[in-house]
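S.K.: One structure, pasted below without further comment.
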Amino acid sequence: MTLIVAGPTGTVAHDGGAFHPEQQSRMFAVMGGVRDLGLGDEIVCPPTPKAEMDDLARVHSLSYLNELEAFCAEGGGDIDPDTYARVDSWNAARRAAGAGLAALGALDERGEGVAFVPVRPPGHHAERGRAMGFCLINNVAVAASSLTARGERVLIVDWDVHHGNGTQSIFWDDPDVLYVSTHQSPLFPGTGAAIEVGGPGAVGLTVNIPLPAGATGDVVRSAIDHVARPTIEEFAPDWVLVSCGFDAHRADPLGELALSSGDFAELSRLVSEFVPRPGRLALFLEGGYERAALQESVAATLGALLAVPTDLAAPTYGGPGMSEIRSAASDRHRAMERMRSLISSEELGA
Amino acid sequence: MSRFRTIVVGFDGSPDSQAALRWAAQMSGAVGARLRIVHAVGLLEHAGLLHEHATVHRETALRVAEDAGAPAADVEWTVVDGDPCSALLRSIAAPDPADLLVVGSRGSAAHGGTLLGSTSLEVAEHSNVPVTIVPASYGRA
């Protein structure tokens with residue numbers, strides 16, 4: 001199987017200062033993880049042009065895009081306590097989104113392989129009209145919307161330690177996108193409760209499984225297996241995109257989940273079961289800020305998909321969260337029933 | 001009973017948010033409303049990468065509220081995960097809705113006159129309750 005690497009993109013100039021963990025130097029660790037696979041020239045690296053405004057406007061409002069472009073052109077600045085933009089950030093964000101599109105194009109062309117999109121700024125917190133959580137443009141959403149625009153159905157699995165509020169809100173009422181997230185809760189951004197199940201046009205197509213601090217890899221896998229799998233199988237996606245944040249690693253400074261690199265290998269194997277046919281899986285880098293953990297986890301994730309052995313830590317077991325998974329399943333079920341009954345009573349009253 | 005039962009004010013420690021808190025505390029005293037001070041915790045603060053944290057902000061906020069005349073029993077300190085705009089909008093919503101939202105004219109991250117980087121303009125755009133925006137100069141001795 002071919003590994004397509006659409007990146008690394010980004011710019012050193014998109015920089016929040018020495019204390020800020022989301023830096024271009026993360027790419028040393030990420031690409032170190034790719035190198036550790038030992039694939040050499042077997043890796044395919046497509047060109048990664050900037051995404052066009054039309055591509056971005058499928059998921060972001062034009063007013064937001066114009067404002068972000070102007071904000072950067074005027075020198076940028078801090079957007080909130082976490083999120084910043086610099087002069088070059090607009091181009092960096094367009095290039096990051098473009099890399100995702102290039103990855104899908106390469107998969108389409110080859111009809112086989114797995115694509116990895118190592119880009120920054122990350123994307124899954126960016127909403128239709130708002131930058132936040134280090135994110136300016138929602139890269140995985142731009143990619144998914146390019147697929148739904150041609151009539152395909154997309155599963156997005158988000159295993160970043162933080163809930164992908166932006167991706168959820170963008171596809172909230174879209175019947176062609178199934179969004180599945182495992183994340184630590186409570187934690188930034190404060191969204192992602194199990195009762196958030198999607199809008200009236202897509203009831204059940206948002207699957208949130210909030211997990212407590214300390215949850216181990218077996219808990220995350222169980223969450224996907226028991227809560228999300230039935231919905232995924234019924235949805236039958238044409239494509240699987242992964243928001244693969246590695247900040248769920250136990251060494252990461254931004255979260256308190258307890259995964260090891262071996263858990264990311266297991267997770268990627270699990271997610272690959274939902275891929276309908278070869279060449280329909282792409283992984284988008286989101287978070288992940290501890291360099292050694294990031295490198296090892298990138299190698300473990302891609303190695304598991306390509307059947308390439310890598311040095312990885314053993315998967316983890318026994319952390320808290322199994323009761324939260326059961327609660328999430330029942331909360332979700334009740335929320336869906338409530339919403340369906342509301343919809344049918346509105347239809348009867350119409 | 002007062003129409004204004006709950007007033008929410010955003011607080012990030014900046015001079016603007018301190019001014020907003022002074023104004024909100026005075027208003028809560030004037031109408032007999034409960035004052036809910038909301039501090040949003042983002043990614044960097046959670047990771048301990050900012051100089052000041054919620055515990056420091058809490059002490060400052062409660063002191064400012066007390067100095068402005070808000071009865072301690074009516075003041076509530078709340079920490080909410082999220083970016084400032086989303087955290088404030090969630091804080092005025094059910095199940096414990098607010099009647100008024102007060103914010104400083106510029107948060108610690110604000111720039112220029114655009115929506116980007118301006119919590120006050122963003123919440124004013126999206127809030128479903130009245131919003132009062134207070135400049136940093138308000139109530140300064």
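Numbering starts fresh at 1 for the residues of each chain in the structure tokens, the chains themselves are lettered A, B, ... in the order given, and ligands are numbered from 1 as they appear.
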Identify all residues of region 203-297 of chain A in strand (DSSP E) (DSSP on the backbone) and supply them as a list of chain:residue names.

M.R.: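 Answer for region 203-297 of chain A, restricted to strand (DSSP E): A:Thr206, A:Val207, A:Asn208, A:Ile209, A:Pro210, A:Leu211, A:Trp239, A:Val240, A:Leu241, A:Val242, A:Ser243, A:Cys244, A:Leu281, A:Ala282, A:Leu283, A:Phe284, A:Leu285.
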
S.K.: Contacts of region 21-38 of chain A at 7 Å or less, counting only C-alpha atoms, minus same-chain residues fewer than 6 places along, as a count of residues only?

M.R.: 16

S.K.: Fewer than 4 positions away in the same chain doesn't count, so skip those; otherwise give me all residues within 9 Å of Trp172 (chain A), counting only C-alpha atoms, as a PDB file with all heavy atoms, in the first residue's frame.

M.R.:
ATOM      1  N   THR A 167     -15.792  21.330  13.289  1.00  0.00           N
ATOM      2  CA  THR A 167     -16.245  20.310  12.340  1.00  0.00           C
ATOM      3  C   THR A 167     -17.694  19.929  12.644  1.00  0.00           C
ATOM      4  O   THR A 167     -18.519  19.790  11.741  1.00  0.00           O
ATOM      5  CB  THR A 167     -15.329  19.075  12.423  1.00  0.00           C
ATOM      6  OG1 THR A 167     -13.971  19.509  12.379  1.00  0.00           O
ATOM      7  CG2 THR A 167     -15.602  18.121  11.287  1.00  0.00           C
ATOM      8  N   GLN A 168     -17.975  19.747  13.928  1.00  0.00           N
ATOM      9  CA  GLN A 168     -19.351  19.394  14.314  1.00  0.00           C
ATOM     10  C   GLN A 168     -20.340  20.450  13.834  1.00  0.00           C
ATOM     11  O   GLN A 168     -21.373  20.123  13.239  1.00  0.00           O
ATOM     12  CB  GLN A 168     -19.462  19.254  15.829  1.00  0.00           C
ATOM     13  CG  GLN A 168     -20.913  19.100  16.303  1.00  0.00           C
ATOM     14  CD  GLN A 168     -21.036  18.830  17.781  1.00  0.00           C
ATOM     15  OE1 GLN A 168     -20.564  17.819  18.270  1.00  0.00           O
ATOM     16  NE2 GLN A 168     -21.681  19.730  18.516  1.00  0.00           N
ATOM     17  N   VAL A 177     -22.512  13.755   5.940  1.00  0.00           N
ATOM     18  CA  VAL A 177     -21.298  13.664   6.766  1.00  0.00           C
ATOM     19  C   VAL A 177     -21.651  13.110   8.143  1.00  0.00           C
ATOM     20  O   VAL A 177     -22.553  13.618   8.815  1.00  0.00           O
ATOM     21  CB  VAL A 177     -20.621  15.050   6.937  1.00  0.00           C
ATOM     22  CG1 VAL A 177     -19.416  14.948   7.864  1.00  0.00           C
ATOM     23  CG2 VAL A 177     -20.191  15.607   5.584  1.00  0.00           C
ATOM     24  N   TYR A 179     -20.056  12.621  11.761  1.00  0.00           N
ATOM     25  CA  TYR A 179     -18.931  13.093  12.577  1.00  0.00           C
ATOM     26  C   TYR A 179     -18.897  12.304  13.883  1.00  0.00           C
ATOM     27  O   TYR A 179     -19.877  12.287  14.634  1.00  0.00           O
ATOM     28  CB  TYR A 179     -19.078  14.592  12.869  1.00  0.00           C
ATOM     29  CG  TYR A 179     -18.001  15.120  13.791  1.00  0.00           C
ATOM     30  CD1 TYR A 179     -16.679  15.215  13.364  1.00  0.00           C
ATOM     31  CD2 TYR A 179     -18.299  15.491  15.095  1.00  0.00           C
ATOM     32  CE1 TYR A 179     -15.693  15.671  14.217  1.00  0.00           C
ATOM     33  CE2 TYR A 179     -17.313  15.961  15.951  1.00  0.00           C
ATOM     34  CZ  TYR A 179     -16.007  16.052  15.504  1.00  0.00           C
ATOM     35  OH  TYR A 179     -15.019  16.492  16.353  1.00  0.00           O
ATOM     36  N   VAL A 197     -26.448  15.473  18.907  1.00  0.00           N
ATOM     37  CA  VAL A 197     -26.559  14.338  17.983  1.00  0.00           C
ATOM     38  C   VAL A 197     -26.763  14.755  16.526  1.00  0.00           C
ATOM     39  O   VAL A 197     -26.939  13.904  15.660  1.00  0.00           O
ATOM     40  CB  VAL A 197     -27.715  13.404  18.405  1.00  0.00           C
ATOM     41  CG1 VAL A 197     -27.413  12.752  19.744  1.00  0.00           C
ATOM     42  CG2 VAL A 197     -29.049  14.156  18.464  1.00  0.00           C
ATOM     43  N   GLY A 198     -26.740  16.058  16.255  1.00  0.00           N
ATOM     44  CA  GLY A 198     -26.956  16.526  14.893  1.00  0.00           C
ATOM     45  C   GLY A 198     -28.261  17.308  14.778  1.00  0.00           C
ATOM     46  O   GLY A 198     -29.087  17.288  15.690  1.00  0.00           O
ATOM     47  N   GLY A 199     -28.410  18.005  13.662  1.00  0.00           N
ATOM     48  CA  GLY A 199     -29.594  18.840  13.445  1.00  0.00           C
ATOM     49  C   GLY A 199     -30.758  18.040  12.887  1.00  0.00           C
ATOM     50  O   GLY A 199     -30.637  16.835  12.650  1.00  0.00           O
ATOM     51  N   PRO A 200     -31.877  18.711  12.642  1.00  0.00           N
ATOM     52  CA  PRO A 200     -33.091  18.023  12.167  1.00  0.00           C
ATOM     53  C   PRO A 200     -32.891  17.286  10.846  1.00  0.00           C
ATOM     54  O   PRO A 200     -33.540  16.285  10.589  1.00  0.00           O
ATOM     55  CB  PRO A 200     -34.106  19.158  11.983  1.00  0.00           C
ATOM     56  CG  PRO A 200     -33.536  20.347  12.667  1.00  0.00           C
ATOM     57  CD  PRO A 200     -32.078  20.143  12.855  1.00  0.00           C
ATOM     58  N   GLY A 201     -31.958  17.767  10.031  1.00  0.00           N
ATOM     59  CA  GLY A 201     -31.712  17.099   8.759  1.00  0.00           C
ATOM     60  C   GLY A 201     -30.685  15.986   8.849  1.00  0.00           C
ATOM     61  O   GLY A 201     -30.396  15.313   7.853  1.00  0.00           O
ATOM     62  N   ALA A 202     -30.124  15.792  10.033  1.00  0.00           N
ATOM     63  CA  ALA A 202     -29.054  14.792  10.179  1.00  0.00           C
ATOM     64  C   ALA A 202     -29.059  14.223  11.599  1.00  0.00           C
ATOM     65  O   ALA A 202     -28.017  14.097  12.242  1.00  0.00           O
ATOM     66  CB  ALA A 202     -27.701  15.432   9.874  1.00  0.00           C
ATOM     67  N   VAL A 203     -30.238  13.831  12.043  1.00  0.00           N
ATOM     68  CA  VAL A 203     -30.361  13.319  13.416  1.00  0.00           C
ATOM     69  C   VAL A 203     -29.524  12.045  13.574  1.00  0.00           C
ATOM     70  O   VAL A 203     -29.653  11.109  12.805  1.00  0.00           O
ATOM     71  CB  VAL A 203     -31.836  13.017  13.769  1.00  0.00           C
ATOM     72  CG1 VAL A 203     -31.936  12.453  15.185  1.00  0.00           C
ATOM     73  CG2 VAL A 203     -32.677  14.267  13.626  1.00  0.00           C
ATOM     74  N   LEU A 205     -26.264  11.854  13.194  1.00  0.00           N
ATOM     75  CA  LEU A 205     -25.023  11.869  12.410  1.00  0.00           C
ATOM     76  C   LEU A 205     -23.914  12.686  13.072  1.00  0.00           C
ATOM     77  O   LEU A 205     -22.885  12.958  12.457  1.00  0.00           O
ATOM     78  CB  LEU A 205     -25.290  12.356  10.984  1.00  0.00           C
ATOM     79  CG  LEU A 205     -26.231  11.434  10.179  1.00  0.00           C
ATOM     80  CD1 LEU A 205     -26.314  11.891   8.736  1.00  0.00           C
ATOM     81  CD2 LEU A 205     -25.766   9.980  10.254  1.00  0.00           C
ATOM     82  N   THR A 206     -24.130  13.095  14.296  1.00  0.00           N
ATOM     83  CA  THR A 206     -23.036  13.565  15.154  1.00  0.00           C
ATOM     84  C   THR A 206     -22.973  12.589  16.316  1.00  0.00           C
ATOM     85  O   THR A 206     -23.982  12.345  16.982  1.00  0.00           O
ATOM     86  CB  THR A 206     -23.313  14.991  15.672  1.00  0.00           C
ATOM     87  OG1 THR A 206     -23.253  15.903  14.566  1.00  0.00           O
ATOM     88  CG2 THR A 206     -22.294  15.410  16.706  1.00  0.00           C
TER      89      THR A 206
END

S.K.: Restrict the distance test to only C-alpha atoms, flag each residue of chain A within 9 Å of chain B, and return the flagged residues as a PyMOL selection string.

M.R.: chain A and resi 19-21+64+67-68+71+76-84+130-134+186-191+253-255

S.K.: Atoms to include: C-alpha atoms. Write the selected residues as a PDB file, in the first residue's frame.

M.R.:
ATOM      1  CA  PHE A  19       5.871  29.650  24.837  1.00  0.00           C
ATOM      2  CA  HIS A  20       3.211  28.678  22.290  1.00  0.00           C
ATOM      3  CA  PRO A  21       3.081  24.913  21.691  1.00  0.00           C
ATOM      4  CA  TYR A  64     -15.108  35.528   7.704  1.00  0.00           C
ATOM      5  CA  GLU A  67     -11.927  39.422   7.231  1.00  0.00           C
ATOM      6  CA  LEU A  68      -9.229  36.847   7.968  1.00  0.00           C
ATOM      7  CA  PHE A  71      -6.572  40.884   9.188  1.00  0.00           C
ATOM      8  CA  GLY A  76      -2.473  40.102  12.039  1.00  0.00           C
ATOM      9  CA  GLY A  77      -2.510  39.829  15.799  1.00  0.00           C
ATOM     10  CA  ASP A  78      -4.009  37.793  18.602  1.00  0.00           C
ATOM     11  CA  ILE A  79      -7.534  36.578  17.896  1.00  0.00           C
ATOM     12  CA  ASP A  80      -8.149  35.130  21.357  1.00  0.00           C
ATOM     13  CA  PRO A  81      -5.839  34.055  24.182  1.00  0.00           C
ATOM     14  CA  ASP A  82      -4.961  30.864  22.249  1.00  0.00           C
ATOM     15  CA  THR A  83      -5.235  31.849  18.612  1.00  0.00           C
ATOM     16  CA  TYR A  84      -3.235  34.249  16.519  1.00  0.00           C
ATOM     17  CA  ARG A 130     -14.818  31.987  13.748  1.00  0.00           C
ATOM     18  CA  ALA A 131     -11.164  31.144  14.344  1.00  0.00           C
ATOM     19  CA  MET A 132     -10.346  29.536  17.681  1.00  0.00           C
ATOM     20  CA  GLY A 133      -8.247  26.894  19.411  1.00  0.00           C
ATOM     21  CA  PHE A 134      -5.155  27.570  17.229  1.00  0.00           C
ATOM     22  CA  PRO A 186     -14.577  18.536  30.717  1.00  0.00           C
ATOM     23  CA  LEU A 187     -11.970  20.316  28.611  1.00  0.00           C
ATOM     24  CA  PHE A 188     -11.682  23.042  25.969  1.00  0.00           C
ATOM     25  CA  PRO A 189     -13.762  23.886  23.956  1.00  0.00           C
ATOM     26  CA  GLY A 190     -16.563  22.819  26.308  1.00  0.00           C
ATOM     27  CA  THR A 191     -18.714  21.280  23.566  1.00  0.00           C
ATOM     28  CA  PRO A 253       0.829  18.837  28.014  1.00  0.00           C
ATOM     29  CA  LEU A 254      -2.570  19.987  26.703  1.00  0.00           C
ATOM     30  CA  GLY A 255      -4.715  17.079  27.842  1.00  0.00           C
TER      31      GLY A 255
END

S.K.: Which residue gives the smallest distance to Leu155 (chain A) among A:Pro276, A:Pro315, A:Pro320, A:Gly192, with only C-alpha atoms counted?

M.R.: A:Pro276

S.K.: Report as a count of residues only all protein, DNA and RNA residues lying within 10 Å of region 70-77 of chain B, evaluated on only C-alpha atoms, omitting residues in the same chain fewer than 6 positions from it.

M.R.: 30

S.K.: Using only C-alpha atoms, which residues sit within 6 Å of region 105-115 of chain A once same-chain residues fewer than 6 positions away are excluded, as a list in words?

M.R.: Met1, Thr2, Leu3, Ile4, Val5, Pro278, Gly279, Leu281 and Ala282 of chain A

S.K.: Have a look at A:Val180, A:Ile170, A:Ala251, A:Val220 and name the one nearest to Ala194 (chain A); count only C-alpha atoms.

M.R.: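 The closest residue to Ala194 (chain A) is A:Val180.
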
S.K.: Give me the residues within 7 Å of Ser268 (chain A) as a PyMOL selection string, counting only C-alpha atoms and dropping any in the same chain fewer than 5 places off.

M.R.: chain A and resi 301+304-305

S.K.: Would you pick out the contacts of Asp16 (chain B) at 7 Å or less, using only C-alpha atoms, so that residues sharing its chain but fewer than 5 positions from it are not included, and give the list as an MDAnalysis selection string?

M.R.: chainID B and resid 104:107 135:136

S.K.: So, counting only C-alpha atoms, which residue among B:Ala65, B:Leu121, B:Leu88, B:Val56 is closest to Leu101 (chain B)?

M.R.: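 Of all the options, B:Leu88 lies closest to Leu101 (chain B).
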